[in-house]
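Here is the structure we will look at, set down as structure tokens.
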Amino acid sequence: MSCCCAERKIVHIENGPKAIGPYSLGVQVGHLVFTSGQVGLDPATGAMVPGGLEAETHQALENMKAILEAAGTNMANVVKTTVFLRDMNDFNAMNGIYGPYFPENPPARSAIQVAALPRGAAVEIECVALVPPRDDDDCCCDKKE
């Protein structure tokens, strides 16, 4: 017997970012989805978007949004983000782009300066989000199959 709350599902996405290494873009366990860190890669070209930190932040969030939608959820259900910045002096500029993606009840967040990011990115963002039950029968807590 197994419980769906303990099942691990890989999130597959057709029209969005592609992994640039041996990892999954998202993994769903029960009613939570964990995204991999997203940088400002243009899904159509696989190249970093031009325009610096602001453009990269916007694209990273759009990539994250696409993964969440593929998992059956959205940005309003994000409970935690982690933002990795190449330069903490970019914190305010990143916030200017990040804020409108979470207009109400923003998620918990950590922001960390790192030495370097993949593809020379200025920012990388990952998240954990709730995947709401599709209906009353979709919640399997305390149920065994």
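Chain labels follow the order of the structure tokens: the first chain is A, the next B, and so on; residue numbering restarts at 1 in every chain, and ligands are counted from 1 in their shown order.
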
Those of region 61-98 of chain A in DSSP strand (DSSP E), formatted as a list of chain:residue names:
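DSSP on the backbone gives strand (DSSP E) at A:Val78, A:Val79, A:Lys80, A:Thr81, A:Thr82, A:Val83, A:Phe84, A:Leu85.
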
Counting only C-alpha atoms, which residues of region 45-139 of chain A sit at most 7 Å from some atom of region 9-21 of chain A, and what is each one's closest atom pair with its distance in Å to one decimal, listed by chain and rising residue number, as a tab-separated table?
```
residue	atom	partner	partner_atom	distance
A:Asn63	CA	A:Pro17	CA	5.9
A:Ala66	CA	A:Gly16	CA	6.0
A:Ile67	CA	A:Ile13	CA	6.5
A:Ala70	CA	A:Ile13	CA	5.9
A:Ala71	CA	A:Val11	CA	5.9
```

Can you write just those residues out, C-alpha atoms, as a compact mmCIF listing (two decimals), in the first residue's frame?
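As a result, out.txt now contains:
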```txt
# COMPACT_ATOMS: atom_id res chain seq x y z
CA ASN A 63 10.32 30.34 -16.15
CA ALA A 66 5.72 28.02 -16.31
CA ILE A 67 7.00 25.15 -14.15
CA ALA A 70 2.82 22.59 -15.51
CA ALA A 71 2.49 21.20 -11.97
```

Given only C-alpha atoms, how would the per-residue table for region 48-123 of chain A near region 28-37 of chain A read, listing every residue at most 9 Å away with its closest atom pair and distance in Å to one decimal, sorted by chain and number, as a tab-separated table?
```
residue	atom	partner	partner_atom	distance
A:Ala60	CA	A:Gly37	CA	8.4
A:Met64	CA	A:Thr35	CA	7.1
A:Ile67	CA	A:Thr35	CA	7.2
A:Leu68	CA	A:Val33	CA	7.6
A:Ala71	CA	A:Val33	CA	7.2
A:Thr73	CA	A:Val33	CA	8.7
A:Thr82	CA	A:Gly37	CA	8.4
A:Val83	CA	A:Gly37	CA	8.5
A:Phe84	CA	A:Gly37	CA	8.7
```

Name the closest residue to Ala55 (chain A) among the candidates A:Asn105, A:Val123, A:Ile112, A:Val79; distances are taken between atoms, counting only C-alpha atoms.
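The closest residue to Ala55 (chain A) is A:Val123.
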
Compile the contact shell of Val49 (chain A) as an MDAnalysis selection string: residues with an atom at most 9 Å away, counting only C-alpha atoms, same-chain residues fewer than 6 positions apart removed.
chainID A and resid 40:42 55:56 59

Measuring atom to atom with only C-alpha atoms, identify which of A:Glu7, A:Ala116, A:Gln38, A:Pro132 is nearest to Asn74 (chain A).
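Selected residue with least distance to Asn74 (chain A): A:Pro132.
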
Hey, which of A:Pro133, A:Thr81, A:Val128, A:Phe91 ends up closest to Ala108 (chain A)? Count only C-alpha atoms.
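Nearest candidate to Ala108 (chain A) out of A:Pro133, A:Thr81, A:Val128, A:Phe91: A:Thr81.
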
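CA of Lys80 (chain A) sits 5.5 Å away from CA of Arg109 (chain A).
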
Which residue, A:Ala6, A:Cys127, A:Leu85, A:Met94, has the smallest gap to Pro107 (chain A) when you use only C-alpha atoms?
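Nearest candidate to Pro107 (chain A) out of A:Ala6, A:Cys127, A:Leu85, A:Met94: A:Cys127.
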
Restricting the calculation to only C-alpha atoms: of A:Thr45, A:Asn89, A:Asn77, A:Asn95, which residue gets closest to His58 (chain A)?
A:Asn95

Find the residue from A:Pro103, A:Leu53, A:Gly120, A:Asp87 that sits nearest to Met75 (chain A); use only C-alpha atoms when measuring.
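So, comparing all the options, the nearest one is A:Pro103.
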
Residues of chain A in alpha helix (DSSP H) according to DSSP, as a VMD selection string?
chain A and resid 52 to 70 91 to 98

I need the residues from that last selection saved to file as an mmCIF file, in the first residue's frame (with C-alpha atoms), if you can.
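The resulting again-v2.cif:
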```cif
data_model
loop_
_atom_site.group_PDB
_atom_site.id
_atom_site.type_symbol
_atom_site.label_atom_id
_atom_site.label_comp_id
_atom_site.auth_asym_id
_atom_site.auth_seq_id
_atom_site.Cartn_x
_atom_site.Cartn_y
_atom_site.Cartn_z
ATOM 1 C CA GLY A 52 20.994 42.594 -17.204
ATOM 2 C CA LEU A 53 19.574 41.903 -13.773
ATOM 3 C CA GLU A 54 16.058 43.256 -14.336
ATOM 4 C CA ALA A 55 15.500 41.295 -17.545
ATOM 5 C CA GLU A 56 17.027 38.176 -16.008
ATOM 6 C CA THR A 57 14.853 38.454 -12.883
ATOM 7 C CA HIS A 58 11.726 38.808 -15.003
ATOM 8 C CA GLN A 59 12.660 35.816 -17.173
ATOM 9 C CA ALA A 60 13.632 33.656 -14.180
ATOM 10 C CA LEU A 61 10.220 34.347 -12.613
ATOM 11 C CA GLU A 62 8.433 33.637 -15.902
ATOM 12 C CA ASN A 63 10.324 30.336 -16.150
ATOM 13 C CA MET A 64 9.377 29.485 -12.563
ATOM 14 C CA LYS A 65 5.750 30.403 -13.307
ATOM 15 C CA ALA A 66 5.725 28.024 -16.309
ATOM 16 C CA ILE A 67 7.000 25.151 -14.146
ATOM 17 C CA LEU A 68 4.369 25.852 -11.502
ATOM 18 C CA GLU A 69 1.601 25.922 -14.110
ATOM 19 C CA ALA A 70 2.819 22.593 -15.507
ATOM 20 C CA PHE A 91 18.834 43.454 -4.121
ATOM 21 C CA ASN A 92 16.632 46.546 -4.569
ATOM 22 C CA ALA A 93 16.565 46.255 -8.362
ATOM 23 C CA MET A 94 15.612 42.571 -8.074
ATOM 24 C CA ASN A 95 12.853 43.484 -5.592
ATOM 25 C CA GLY A 96 11.410 45.949 -8.088
ATOM 26 C CA ILE A 97 10.809 43.126 -10.573
ATOM 27 C CA TYR A 98 10.056 40.388 -8.013
#
```
